[in-house]
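Participant: The file below is input_21.cif, mmCIF, C-alpha atoms:
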data_data
loop_
_atom_site.label_atom_id
_atom_site.label_comp_id
_atom_site.auth_asym_id
_atom_site.auth_seq_id
_atom_site.Cartn_x
_atom_site.Cartn_y
_atom_site.Cartn_z
CA MET I 13 -28.52 -21.69 5.74
CA SER I 14 -28.90 -18.71 8.05
CA THR I 15 -29.97 -15.31 6.81
CA PRO I 16 -26.87 -13.13 6.44
CA VAL I 17 -26.55 -9.81 8.18
CA ALA I 18 -27.14 -6.95 5.75
CA THR I 19 -24.01 -5.68 4.07
CA ASP I 20 -23.21 -1.99 3.68
CA PRO I 21 -25.15 -1.11 0.52
CA GLY I 22 -22.25 1.10 -0.57
CA LEU I 23 -19.98 -1.93 -1.04
CA ASP I 24 -20.62 -3.37 -4.50
CA VAL I 25 -19.01 -6.77 -4.08
CA ALA I 26 -19.87 -7.91 -7.61
CA ARG I 27 -18.02 -4.90 -9.03
CA ILE I 28 -15.10 -5.47 -6.68
CA ARG I 29 -14.82 -9.13 -7.69
CA ALA I 30 -14.59 -8.09 -11.33
CA ASP I 31 -11.32 -6.34 -10.42
CA PHE I 32 -9.69 -9.65 -9.38
CA PRO I 33 -8.96 -11.88 -12.40
CA ILE I 34 -8.13 -14.95 -10.32
CA LEU I 35 -11.66 -15.07 -8.90
CA GLU I 36 -12.85 -16.10 -12.35
CA ARG I 37 -10.91 -19.36 -12.05
CA GLU I 38 -12.42 -22.78 -11.66
CA ILE I 39 -10.94 -25.59 -9.57
CA GLY I 40 -11.84 -28.70 -11.54
CA THR I 41 -15.44 -28.04 -12.52
CA ASN I 42 -16.17 -25.83 -9.50
CA PRO I 43 -15.89 -22.06 -9.21
CA LEU I 44 -13.10 -20.94 -6.92
CA VAL I 45 -14.29 -20.08 -3.40
CA TYR I 46 -11.29 -18.34 -1.87
CA LEU I 47 -11.48 -18.29 1.93
CA ASP I 48 -7.75 -17.99 2.69
CA SER I 49 -7.13 -14.25 2.59
CA ALA I 50 -5.46 -14.32 6.01
CA ALA I 51 -2.63 -16.26 4.33
CA THR I 52 -2.48 -13.95 1.32
CA SER I 53 -4.99 -11.73 -0.43
CA GLN I 54 -5.72 -11.81 -4.13
CA LYS I 55 -4.54 -8.91 -6.30
CA PRO I 56 -6.73 -6.45 -8.22
CA ARG I 57 -5.94 -5.42 -11.78
CA ALA I 58 -4.96 -1.94 -10.55
CA VAL I 59 -2.06 -3.43 -8.60
CA VAL I 60 -1.01 -5.83 -11.35
CA ASP I 61 -1.15 -2.98 -13.88
CA ALA I 62 0.93 -0.68 -11.65
CA VAL I 63 3.68 -3.29 -11.33
CA ASP I 64 3.57 -4.03 -15.06
CA ALA I 65 3.70 -0.32 -15.92
CA TYR I 66 6.75 0.22 -13.73
CA TYR I 67 8.67 -2.61 -15.38
CA ALA I 68 7.49 -1.61 -18.85
CA THR I 69 8.30 2.11 -18.64
CA SER I 70 10.55 3.11 -15.70
CA ASN I 71 12.59 0.13 -14.56
CA ALA I 72 16.00 1.18 -13.23
CA ASN I 73 17.98 1.04 -10.02
CA VAL I 74 17.18 3.72 -7.47
CA HIS I 75 19.30 6.33 -5.68
CA ARG I 76 22.31 5.53 -7.90
CA GLY I 77 22.13 7.37 -11.18
CA VAL I 78 21.50 10.65 -12.94
CA HIS I 79 19.72 9.32 -16.01
CA THR I 80 16.00 9.69 -16.63
CA LEU I 81 14.94 6.14 -15.84
CA GLY I 82 16.94 6.14 -12.62
CA ASN I 83 15.31 9.37 -11.52
CA GLU I 84 11.84 8.08 -12.43
CA ALA I 85 12.40 4.85 -10.49
CA THR I 86 13.69 6.77 -7.46
CA ASP I 87 10.72 9.13 -7.58
CA SER I 88 8.31 6.18 -7.81
CA PHE I 89 9.97 4.45 -4.87
CA GLU I 90 9.93 7.51 -2.63
CA ARG I 91 6.36 8.42 -3.62
CA ALA I 92 5.39 4.89 -2.58
CA ARG I 93 6.99 5.49 0.81
CA LEU I 94 4.94 8.65 1.28
CA ARG I 95 1.74 6.90 0.17
CA VAL I 96 2.17 3.89 2.46
CA ALA I 97 3.07 6.14 5.38
CA ALA I 98 -0.09 8.15 4.79
CA PHE I 99 -2.10 4.90 4.71
CA LEU I 100 -0.65 4.06 8.13
CA ASP I 101 -1.03 7.65 9.39
CA ALA I 102 2.68 7.67 10.23
CA PRO I 103 5.65 9.98 9.60
CA PRO I 104 7.37 8.74 6.41
CA GLU I 105 10.89 9.14 7.79
CA GLY I 106 10.22 6.11 10.01
CA LEU I 107 9.00 3.83 7.19
CA VAL I 108 11.43 1.14 6.06
CA PHE I 109 10.62 -1.11 3.12
CA VAL I 110 11.40 -4.77 3.80
CA ARG I 111 10.23 -8.06 2.29
CA ASN I 112 7.44 -8.91 4.75
CA THR I 113 6.30 -8.80 8.37
CA THR I 114 8.79 -11.52 9.27
CA GLU I 115 11.77 -9.54 8.04
CA ALA I 116 10.48 -6.40 9.76
CA ILE I 117 10.30 -8.13 13.13
CA ASN I 118 13.68 -9.78 12.59
CA LEU I 119 15.11 -6.31 11.91
CA VAL I 120 13.87 -5.09 15.30
CA ALA I 121 15.04 -8.26 17.05
CA SER I 122 18.52 -8.02 15.50
CA SER I 123 19.11 -4.27 15.58
CA TYR I 124 17.25 -3.34 18.75
CA ALA I 125 16.91 -6.36 21.04
CA MET I 126 20.28 -7.97 20.34
CA GLN I 127 22.22 -4.70 20.17
CA LEU I 128 20.59 -2.28 22.62
CA LEU I 129 19.15 -4.51 25.34
CA ALA I 130 21.31 -5.84 28.16
CA PRO I 131 21.64 -9.44 29.35
CA GLY I 132 18.86 -10.13 31.83
CA ASP I 133 16.39 -7.72 30.20
CA ARG I 134 13.00 -9.23 29.45
CA ILE I 135 10.82 -9.38 26.33
CA VAL I 136 7.13 -10.18 26.75
CA VAL I 137 5.16 -11.95 24.02
CA THR I 138 1.75 -13.65 23.99
CA VAL I 139 0.58 -17.24 23.58
CA MET I 140 -1.39 -16.29 20.45
CA GLU I 141 1.57 -14.97 18.46
CA HIS I 142 2.47 -16.09 14.95
CA HIS I 143 5.90 -17.73 14.87
CA SER I 144 7.21 -14.60 13.10
CA ASN I 145 6.55 -12.66 16.30
CA LEU I 146 8.03 -15.33 18.54
CA VAL I 147 11.03 -17.04 16.93
CA PRO I 148 13.01 -13.78 16.33
CA TRP I 149 12.69 -12.93 20.03
CA GLN I 150 13.76 -16.45 21.01
CA LEU I 151 16.87 -16.03 18.86
CA ALA I 152 17.57 -12.64 20.39
CA ALA I 153 17.10 -14.04 23.89
CA GLN I 154 19.49 -16.94 23.22
CA ARG I 155 22.17 -14.75 21.67
CA ARG I 156 21.94 -11.80 24.07
CA GLY I 157 21.03 -13.54 27.32
CA LEU I 158 17.57 -12.02 27.50
CA GLN I 159 14.50 -13.36 29.30
CA LEU I 160 11.20 -14.25 27.61
CA ALA I 161 7.75 -14.30 29.19
CA ALA I 162 4.31 -14.82 27.67
CA ILE I 163 0.80 -13.48 28.29
CA ASP I 164 -1.78 -16.29 28.37
CA ILE I 165 -5.31 -16.28 26.93
CA ASP I 166 -8.66 -16.96 28.56
CA GLU I 167 -11.21 -19.56 27.48
CA ASP I 168 -12.80 -17.09 25.07
CA GLY I 169 -9.54 -16.66 23.16
CA ARG I 170 -8.80 -13.18 24.48
CA LEU I 171 -5.63 -12.11 26.22
CA ASP I 172 -5.62 -12.59 29.98
CA LEU I 173 -4.44 -9.15 30.99
CA SER I 174 -4.71 -9.78 34.72
CA THR I 175 -0.95 -10.41 34.83
CA LEU I 176 0.04 -7.70 32.36
CA ASP I 177 1.34 -5.11 34.80
CA ALA I 178 3.42 -7.70 36.65
CA LEU I 179 4.88 -8.94 33.37
CA LEU I 180 5.66 -5.39 32.23
CA ALA I 181 7.54 -4.54 35.40
CA ALA I 182 11.34 -4.44 35.41
CA PRO I 183 13.34 -5.95 33.82
CA THR I 184 10.89 -5.90 30.87
CA ARG I 185 12.05 -3.62 28.06
CA LEU I 186 9.86 -4.71 25.14
CA LEU I 187 6.35 -6.08 24.51
CA ALA I 188 5.91 -7.91 21.18
CA ILE I 189 2.24 -8.40 20.38
CA GLY I 190 -0.11 -9.03 17.47
CA HIS I 191 -2.93 -6.62 16.70
CA GLN I 192 -5.22 -9.38 15.41
CA SER I 193 -4.60 -13.09 15.85
CA ASN I 194 -4.14 -14.96 12.59
CA VAL I 195 -5.78 -18.00 14.22
CA LEU I 196 -8.41 -16.80 16.68
CA GLY I 197 -9.35 -13.56 14.94
CA THR I 198 -9.03 -11.83 18.33
CA VAL I 199 -8.44 -8.08 18.03
CA ASN I 200 -6.38 -6.79 20.94
CA ASP I 201 -6.88 -3.35 22.48
CA ILE I 202 -3.45 -2.14 21.46
CA ARG I 203 -3.84 1.49 22.49
CA ALA I 204 -4.73 0.55 26.08
CA ILE I 205 -2.02 -2.11 26.25
CA THR I 206 0.57 0.29 24.83
CA GLU I 207 -0.30 2.90 27.43
CA ARG I 208 0.37 0.36 30.18
CA ALA I 209 3.62 -0.75 28.55
CA HIS I 210 4.91 2.80 28.19
CA ALA I 211 3.93 3.59 31.78
CA ALA I 212 6.15 0.68 32.81
CA GLY I 213 9.01 1.89 30.62
CA ALA I 214 8.68 -0.78 27.92
CA LEU I 215 8.52 -0.32 24.17
CA VAL I 216 5.90 -2.04 21.98
CA CYS I 217 6.49 -3.92 18.72
CA LEU I 218 3.21 -4.54 16.92
CA ASP I 219 2.60 -7.31 14.40
CA ALA I 220 -0.11 -5.65 12.30
CA ALA I 221 -0.10 -8.14 9.41
CA GLN I 222 -3.72 -9.15 10.08
CA SER I 223 -5.08 -5.71 10.98
CA VAL I 224 -3.70 -3.16 8.49
CA PRO I 225 -5.45 -4.85 5.51
CA HIS I 226 -8.83 -4.99 7.21
CA MET I 227 -9.40 -1.89 9.33
CA SER I 228 -8.21 1.66 9.77
CA VAL I 229 -4.90 1.52 11.63
CA SER I 230 -3.24 4.74 12.77
CA ALA I 231 0.32 4.66 14.02
CA ARG I 232 -0.29 7.99 15.76
CA ASP I 233 -3.38 6.71 17.60
CA LEU I 234 -1.93 3.34 18.60
CA ASP I 235 1.29 5.02 19.76
CA CYS I 236 3.38 1.86 19.26
CA ASP I 237 7.12 2.10 18.81
CA PHE I 238 7.44 -0.46 16.00
CA ILE I 239 4.75 -1.61 13.53
CA ALA I 240 5.24 -4.41 11.01
CA PHE I 241 2.97 -5.55 8.17
CA SER I 242 3.05 -7.21 4.74
CA GLY I 243 1.88 -5.96 1.38
CA HIS I 244 0.66 -9.32 0.11
CA LYS I 245 -2.11 -9.54 2.71
CA MET I 246 -3.59 -6.18 1.63
CA CYS I 247 -3.97 -6.64 -2.15
CA GLY I 248 -0.32 -5.79 -2.77
CA PRO I 249 2.46 -7.88 -4.30
CA MET I 250 4.38 -10.59 -2.50
CA GLY I 251 7.89 -9.70 -1.39
CA ILE I 252 7.19 -6.18 -0.10
CA GLY I 253 6.58 -5.32 3.54
CA VAL I 254 6.92 -2.47 5.97
CA LEU I 255 8.56 -1.71 9.26
CA TRP I 256 7.52 1.60 10.70
CA ALA I 257 9.48 2.73 13.73
CA ARG I 258 9.94 5.91 15.66
CA PRO I 259 12.70 7.72 13.77
CA GLU I 260 14.63 8.40 16.96
CA LEU I 261 14.78 4.63 17.60
CA LEU I 262 16.01 3.97 14.08
CA GLU I 263 18.74 6.54 14.67
CA LEU I 264 19.93 4.60 17.73
CA MET I 265 19.74 1.16 16.13
CA PRO I 266 22.72 -0.18 14.17
CA PRO I 267 22.12 -1.34 10.58
CA PHE I 268 20.44 -4.68 9.99
CA LEU I 269 22.20 -5.44 6.69
CA GLY I 270 25.29 -3.92 5.11
CA GLY I 271 25.90 -2.95 1.50
CA GLY I 272 24.78 -0.45 -1.09
CA SER I 273 22.28 2.35 -0.38
CA MET I 274 22.55 2.14 3.41
CA ILE I 275 25.95 3.85 3.55
CA SER I 276 27.10 7.45 3.58
CA ARG I 277 30.83 6.87 3.15
CA VAL I 278 32.98 3.74 2.94
CA THR I 279 36.73 3.35 3.35
CA LEU I 280 38.74 0.17 3.71
CA GLU I 281 38.78 0.74 7.45
CA ARG I 282 35.22 1.81 8.32
CA SER I 283 31.83 3.01 7.06
CA THR I 284 29.31 5.62 8.06
CA TRP I 285 25.58 5.21 7.56
CA ASN I 286 22.96 6.84 5.43
CA THR I 287 20.13 8.80 6.97
CA VAL I 288 17.03 7.09 8.38
CA PRO I 289 15.15 5.19 6.96
CA HIS I 290 17.66 4.46 4.16
CA LYS I 291 20.13 3.14 6.73
CA PHE I 292 18.01 -0.04 6.84
CA GLU I 293 17.48 -0.53 3.09
CA ALA I 294 20.66 -2.24 1.91
CA GLY I 295 20.97 -3.28 -1.71
CA THR I 296 18.52 -2.99 -4.57
CA PRO I 297 15.01 -2.66 -3.15
CA ASP I 298 11.82 -4.13 -4.57
CA VAL I 299 10.80 -0.94 -6.34
CA ALA I 300 8.01 -2.62 -8.28
CA GLY I 301 6.71 -4.11 -5.03
CA ALA I 302 6.64 -0.69 -3.39
CA VAL I 303 4.81 0.75 -6.41
CA GLY I 304 2.33 -2.11 -6.24
CA LEU I 305 1.82 -1.61 -2.51
CA ALA I 306 1.11 2.08 -3.05
CA ALA I 307 -1.45 1.10 -5.71
CA ALA I 308 -3.02 -1.31 -3.22
CA CYS I 309 -3.34 1.54 -0.69
CA ASP I 310 -5.09 3.62 -3.36
CA TYR I 311 -7.40 0.72 -4.24
CA ILE I 312 -8.40 0.01 -0.63
CA ASP I 313 -8.94 3.66 0.23
CA ALA I 314 -11.06 4.21 -2.90
CA ILE I 315 -13.44 1.56 -1.57
CA GLY I 316 -13.17 2.68 2.04
CA ARG I 317 -11.63 0.81 4.96
CA ASP I 318 -14.67 1.32 7.18
CA ARG I 319 -16.92 -0.15 4.48
CA ILE I 320 -14.58 -3.09 3.98
CA HIS I 321 -14.56 -3.76 7.72
CA ALA I 322 -18.36 -3.58 7.92
CA HIS I 323 -18.63 -6.06 5.06
CA GLU I 324 -16.18 -8.43 6.72
CA MET I 325 -18.08 -8.30 10.01
CA SER I 326 -21.31 -9.14 8.19
CA LEU I 327 -19.59 -12.11 6.58
CA THR I 328 -18.07 -13.20 9.90
CA ARG I 329 -21.45 -13.20 11.64
CA HIS I 330 -22.82 -15.29 8.79
CA LEU I 331 -19.81 -17.62 8.95
CA LEU I 332 -20.20 -18.24 12.68
CA ASP I 333 -23.91 -18.99 12.18
CA VAL I 334 -23.21 -21.40 9.31
CA LEU I 335 -20.59 -23.28 11.32
CA ASP I 336 -23.07 -23.65 14.17
CA GLU I 337 -25.66 -25.04 11.76
CA VAL I 338 -23.23 -27.63 10.38
CA GLY I 339 -22.94 -29.15 13.84
CA ASP I 340 -20.12 -30.91 15.70
CA ILE I 341 -17.96 -27.85 15.05
CA THR I 342 -15.63 -26.38 17.66
CA ILE I 343 -14.98 -22.69 16.99
CA PHE I 344 -11.87 -21.11 18.47
CA GLY I 345 -11.80 -17.44 19.43
CA PRO I 346 -14.34 -14.85 20.56
CA ARG I 347 -17.97 -14.95 19.45
CA ASP I 348 -18.35 -11.22 20.02
CA LEU I 349 -17.82 -9.38 16.72
CA GLU I 350 -16.52 -6.36 18.61
CA ALA I 351 -13.58 -8.49 19.77
CA ARG I 352 -12.65 -10.23 16.51
CA GLY I 353 -11.89 -9.89 12.82
CA GLY I 354 -12.76 -11.96 9.79
CA VAL I 355 -10.61 -15.00 10.64
CA VAL I 356 -12.43 -18.05 12.02
CA SER I 357 -10.62 -21.26 12.99
CA PHE I 358 -12.54 -24.43 13.72
CA ASN I 359 -12.43 -28.21 13.92
CA LEU I 360 -15.12 -30.64 12.78
CA ALA I 361 -15.59 -33.46 15.29
CA ASP I 362 -12.40 -35.57 15.29
CA VAL I 363 -11.70 -35.09 11.56
CA HIS I 364 -8.16 -33.84 10.96
CA ALA I 365 -8.05 -30.31 9.56
CA HIS I 366 -6.01 -31.49 6.56
CA ASP I 367 -8.79 -33.93 5.64
CA VAL I 368 -11.35 -31.14 5.97
CA GLY I 369 -9.28 -28.89 3.70
CA THR I 370 -8.71 -31.63 1.12
CA ILE I 371 -12.39 -32.49 0.73
CA LEU I 372 -13.34 -28.82 0.56
CA ASP I 373 -10.76 -28.32 -2.17
CA ARG I 374 -12.55 -30.92 -4.29
CA ARG I 375 -15.44 -28.44 -4.34
CA GLY I 376 -13.15 -25.52 -5.18
CA ILE I 377 -13.20 -24.17 -1.62
CA ALA I 378 -9.83 -22.92 -0.38
CA VAL I 379 -9.34 -22.83 3.40
CA ARG I 380 -6.15 -23.08 5.42
CA ALA I 381 -5.42 -26.22 7.46
CA GLY I 382 -2.60 -26.87 9.91
CA HIS I 383 -0.99 -25.19 12.89
CA HIS I 384 -1.04 -21.76 11.18
CA CYS I 385 2.49 -20.94 12.34
CA ALA I 386 1.17 -20.83 15.90
CA GLN I 387 2.23 -24.09 17.51
CA PRO I 388 2.24 -22.72 21.09
CA LEU I 389 -1.41 -21.74 20.58
CA MET I 390 -2.21 -25.23 19.27
CA ALA I 391 -0.60 -26.64 22.41
CA ARG I 392 -2.67 -24.24 24.53
CA TYR I 393 -5.84 -25.73 23.02
CA ASP I 394 -4.39 -29.26 22.99
CA VAL I 395 -5.08 -29.79 19.29
CA PRO I 396 -2.61 -30.66 16.49
CA SER I 397 -4.22 -28.39 13.92
CA MET I 398 -7.25 -26.32 12.96
CA ALA I 399 -9.10 -25.47 9.77
CA ARG I 400 -9.38 -21.75 9.09
CA ALA I 401 -11.68 -19.68 6.90
CA SER I 402 -10.88 -16.01 6.37
CA VAL I 403 -12.75 -13.33 4.45
CA TYR I 404 -11.92 -10.11 2.66
CA LEU I 405 -13.52 -7.37 0.61
CA TYR I 406 -14.26 -9.69 -2.34
CA THR I 407 -15.85 -12.52 -0.30
CA THR I 408 -19.59 -13.10 -0.75
CA HIS I 409 -22.28 -14.53 1.48
CA GLU I 410 -22.90 -17.19 -1.15
CA GLU I 411 -19.33 -18.38 -0.61
CA ILE I 412 -19.99 -18.72 3.11
CA ASP I 413 -22.99 -20.89 2.30
CA ALA I 414 -20.83 -22.95 -0.07
CA LEU I 415 -18.44 -23.61 2.82
CA GLY I 416 -21.34 -24.84 4.93
CA GLU I 417 -22.44 -27.20 2.18
CA GLY I 418 -18.86 -28.44 1.76
CA LEU I 419 -18.56 -29.15 5.47
CA GLY I 420 -21.79 -31.12 5.21
CA GLU I 421 -20.06 -33.30 2.65
CA VAL I 422 -17.10 -33.74 5.04
CA ARG I 423 -19.52 -35.00 7.67
CA ARG I 424 -21.03 -37.48 5.22
CA VAL I 425 -17.64 -38.77 4.09
CA PHE I 426 -16.42 -39.32 7.65
CA ARG I 427 -19.85 -40.29 9.01
CA VAL I 428 -19.74 -37.78 11.85
#
Have the structure of the file written as structure tokens, please.
Facilitator:
Amino acid sequence: MSTPVATDPGLDVARIRADFPILEREIGTNPLVYLDSAATSQKPRAVVDAVDAYYATSNANVHRGVHTLGNEATDSFERARLRVAAFLDAPPEGLVFVRNTTEAINLVASSYAMQLLAPGDRIVVTVMEHHSNLVPWQLAAQRRGLQLAAIDIDEDGRLDLSTLDALLAAPTRLLAIGHQSNVLGTVNDIRAITERAHAAGALVCLDAAQSVPHMSVSARDLDCDFIAFSGHKMCGPMGIGVLWARPELLELMPPFLGGGSMISRVTLERSTWNTVPHKFEAGTPDVAGAVGLAAACDYIDAIGRDRIHAHEMSLTRHLLDVLDEVGDITIFGPRDLEARGGVVSFNLADVHAHDVGTILDRRGIAVRAGHHCAQPLMARYDVPSMARASVYLYTTHEEIDALGEGLGEVRRVFRV
């Protein structure tokens, strides 16, 4: 196999892997090779311990009591909000805890697009979007009489921005765009795109599910109006996610869900709403999830996001080289590391991606196979599915080589 690019010597991957109990697993008689972190990351002991400690010592409902446990739970929840906001370099009063990126985008679609936009207004998306950043806007368009338009991609898997200004012109009010494609790995120049959107009078809703876990992301620098991401893709628990929005927008938007915690006063006739961001956090929140997400922020920052990104780029270069060496591989997305992240989708000859994934699993190698919740992108490439390998801070170069050897076996089985 090819010689890997040197990794940042400050990133001790062996020590990092020791923090993740699941990486000690075997699949059959093979060690687990986990190359599906774009779907969900594995969890370090620090996160698992933080969740366990909350349930073991401070579990109570928040914002609703005067007893010690209730106060401790509330303090933990609000400290988590401050910590996650700091991780995003964003004002905490705009940070709403939700279940995941999907719920965050649905919140914006329901409370902003369906309530504050007018029939005939336009929302612009892109061909490379995950369904979670497409279907909510389709629903909003159907229910509110809005228009939808999409930015295409070029042959290299990058956005074709030649039509951007025309698409952003009136009646466009919102651009919904992913920071990094979960299929192509393409990293979009969000700051430059946001500047053009704002100049045209449009707001920007950013799906940052694939970027926040892997690189330094600053809400202040990107200047987006809405940012959504999930905890489970960044070493945090499942079931906790974040919507950050400009507080003044949250003030204008009506509540997404009704019930406890999001109210100020309720009578039989009407209700008034809690302050932002609590106005959008109806019912009992996932306090343990928020605590775990805060612990994940601490864990990632203790290692260093720039070091993690450098390690991932080294792995990605190695991965692209290995796929080339296997032969008969079509790689989708940019080859330039400056334009991509650690997600690489590919197809091997005419072998279906599900068959590729199944044979790799026999060797303990976990990759994703299917349409990756991006069926319009599959249609754009005229393929039914793709196989996808994705890396993270605990991935090793030896695992990349194992993938290459596994794909060699796929070739032998299918005689390609």
Participant: Please identify every residue of stretch 182-282 of chain I that has at least one atom no farther than 12 Å from an atom of stretch 86-103 of chain I, counting all atoms listed in the file, and for each give the shortest atom pair and the distance in Å to one decimal, arranged by chain then increasing number, as JSON lines.
Facilitator:
{"residue": "I:Ala220", "atom": "CA", "partner": "I:Leu100", "partner_atom": "CA", "distance": 10.6}
{"residue": "I:Ser223", "atom": "CA", "partner": "I:Leu100", "partner_atom": "CA", "distance": 11.1}
{"residue": "I:Val224", "atom": "CA", "partner": "I:Leu100", "partner_atom": "CA", "distance": 7.8}
{"residue": "I:Pro225", "atom": "CA", "partner": "I:Phe99", "partner_atom": "CA", "distance": 10.3}
{"residue": "I:Met227", "atom": "CA", "partner": "I:Leu100", "partner_atom": "CA", "distance": 10.6}
{"residue": "I:Ser228", "atom": "CA", "partner": "I:Leu100", "partner_atom": "CA", "distance": 8.1}
{"residue": "I:Val229", "atom": "CA", "partner": "I:Leu100", "partner_atom": "CA", "distance": 6.1}
{"residue": "I:Ser230", "atom": "CA", "partner": "I:Asp101", "partner_atom": "CA", "distance": 5.0}
{"residue": "I:Ala231", "atom": "CA", "partner": "I:Ala102", "partner_atom": "CA", "distance": 5.4}
{"residue": "I:Arg232", "atom": "CA", "partner": "I:Ala102", "partner_atom": "CA", "distance": 6.3}
{"residue": "I:Asp233", "atom": "CA", "partner": "I:Asp101", "partner_atom": "CA", "distance": 8.6}
{"residue": "I:Leu234", "atom": "CA", "partner": "I:Asp101", "partner_atom": "CA", "distance": 10.2}
{"residue": "I:Asp235", "atom": "CA", "partner": "I:Ala102", "partner_atom": "CA", "distance": 10.0}
{"residue": "I:Cys236", "atom": "CA", "partner": "I:Ala102", "partner_atom": "CA", "distance": 10.8}
{"residue": "I:Asp237", "atom": "CA", "partner": "I:Ala102", "partner_atom": "CA", "distance": 11.2}
{"residue": "I:Phe238", "atom": "CA", "partner": "I:Ala102", "partner_atom": "CA", "distance": 11.0}
{"residue": "I:Ile239", "atom": "CA", "partner": "I:Leu100", "partner_atom": "CA", "distance": 9.5}
{"residue": "I:Ala240", "atom": "CA", "partner": "I:Leu100", "partner_atom": "CA", "distance": 10.7}
{"residue": "I:Phe241", "atom": "CA", "partner": "I:Leu100", "partner_atom": "CA", "distance": 10.3}
{"residue": "I:Ser242", "atom": "CA", "partner": "I:Val96", "partner_atom": "CA", "distance": 11.4}
{"residue": "I:Gly243", "atom": "CA", "partner": "I:Val96", "partner_atom": "CA", "distance": 9.9}
{"residue": "I:Met246", "atom": "CA", "partner": "I:Phe99", "partner_atom": "CA", "distance": 11.6}
{"residue": "I:Gly248", "atom": "CA", "partner": "I:Val96", "partner_atom": "CA", "distance": 11.3}
{"residue": "I:Ile252", "atom": "CA", "partner": "I:Ala92", "partner_atom": "CA", "distance": 11.5}
{"residue": "I:Gly253", "atom": "CA", "partner": "I:Val96", "partner_atom": "CA", "distance": 10.3}
{"residue": "I:Val254", "atom": "CA", "partner": "I:Val96", "partner_atom": "CA", "distance": 8.7}
{"residue": "I:Leu255", "atom": "CA", "partner": "I:Ala97", "partner_atom": "CA", "distance": 10.3}
{"residue": "I:Trp256", "atom": "CA", "partner": "I:Ala102", "partner_atom": "CA", "distance": 7.8}
{"residue": "I:Ala257", "atom": "CA", "partner": "I:Ala102", "partner_atom": "CA", "distance": 9.1}
{"residue": "I:Arg258", "atom": "CA", "partner": "I:Pro103", "partner_atom": "CA", "distance": 8.5}
{"residue": "I:Pro259", "atom": "CA", "partner": "I:Pro103", "partner_atom": "CA", "distance": 8.5}
{"residue": "I:Glu260", "atom": "CA", "partner": "I:Pro103", "partner_atom": "CA", "distance": 11.7}
{"residue": "I:Ser273", "atom": "CA", "partner": "I:Thr86", "partner_atom": "CA", "distance": 12.0}
Participant: Identify, on the basis of all atoms listed in the file, every residue whose closest approach to I:Met390 does not exceed 10 Å; exclude the query and any residue fewer than 6 positions from it along the same chain; express the result as an MDAnalysis selection string.
Facilitator: chainID I and resid 139:140 195 382:384 396:398
Participant: Applied to the shown file, which residues does the PyMOL selection byres ((chain I and resi 197-205) around 8) return, written as a PDB file with C-alpha atoms, in the frame of the given file?
Facilitator:
ATOM      1  CA  GLY I 169      -9.540 -16.660  23.160  1.00  0.00           C
ATOM      2  CA  ARG I 170      -8.800 -13.180  24.480  1.00  0.00           C
ATOM      3  CA  LEU I 171      -5.630 -12.110  26.220  1.00  0.00           C
ATOM      4  CA  GLY I 190      -0.110  -9.030  17.470  1.00  0.00           C
ATOM      5  CA  HIS I 191      -2.930  -6.620  16.700  1.00  0.00           C
ATOM      6  CA  GLN I 192      -5.220  -9.380  15.410  1.00  0.00           C
ATOM      7  CA  SER I 193      -4.600 -13.090  15.850  1.00  0.00           C
ATOM      8  CA  ASN I 194      -4.140 -14.960  12.590  1.00  0.00           C
ATOM      9  CA  VAL I 195      -5.780 -18.000  14.220  1.00  0.00           C
ATOM     10  CA  LEU I 196      -8.410 -16.800  16.680  1.00  0.00           C
ATOM     11  CA  THR I 206       0.570   0.290  24.830  1.00  0.00           C
ATOM     12  CA  GLU I 207      -0.300   2.900  27.430  1.00  0.00           C
ATOM     13  CA  ARG I 208       0.370   0.360  30.180  1.00  0.00           C
ATOM     14  CA  ALA I 209       3.620  -0.750  28.550  1.00  0.00           C
ATOM     15  CA  ASP I 233      -3.380   6.710  17.600  1.00  0.00           C
ATOM     16  CA  LEU I 234      -1.930   3.340  18.600  1.00  0.00           C
ATOM     17  CA  ASP I 235       1.290   5.020  19.760  1.00  0.00           C
ATOM     18  CA  CYS I 236       3.380   1.860  19.260  1.00  0.00           C
ATOM     19  CA  GLY I 345     -11.800 -17.440  19.430  1.00  0.00           C
ATOM     20  CA  PRO I 346     -14.340 -14.850  20.560  1.00  0.00           C
ATOM     21  CA  ALA I 351     -13.580  -8.490  19.770  1.00  0.00           C
ATOM     22  CA  ARG I 352     -12.650 -10.230  16.510  1.00  0.00           C
ATOM     23  CA  GLY I 353     -11.890  -9.890  12.820  1.00  0.00           C
ATOM     24  CA  GLY I 354     -12.760 -11.960   9.790  1.00  0.00           C
ATOM     25  CA  VAL I 355     -10.610 -15.000  10.640  1.00  0.00           C
ATOM     26  CA  VAL I 356     -12.430 -18.050  12.020  1.00  0.00           C
TER      27      VAL I 356
END
Participant: In Å, rounded to a single decimal, give me how far atom CA of I:Asp48 is from atom CA of I:Arg319.
Facilitator: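 It comes out at 20.1 Å.
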Participant: Which residues match the PyMOL selection byres ((chain I and resi 152) around 12) in the file above, as a PyMOL selection string?
Facilitator: chain I and resi 117-135+145-151+153-160
Participant: Looking at I:Ala302, I:Ala72, I:Leu23, I:Leu262, which one is nearest to I:Arg111, with distances taken over only C-alpha atoms?
Facilitator: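 Counting only C-alpha atoms, the residue closest to I:Arg111 is I:Ala302.
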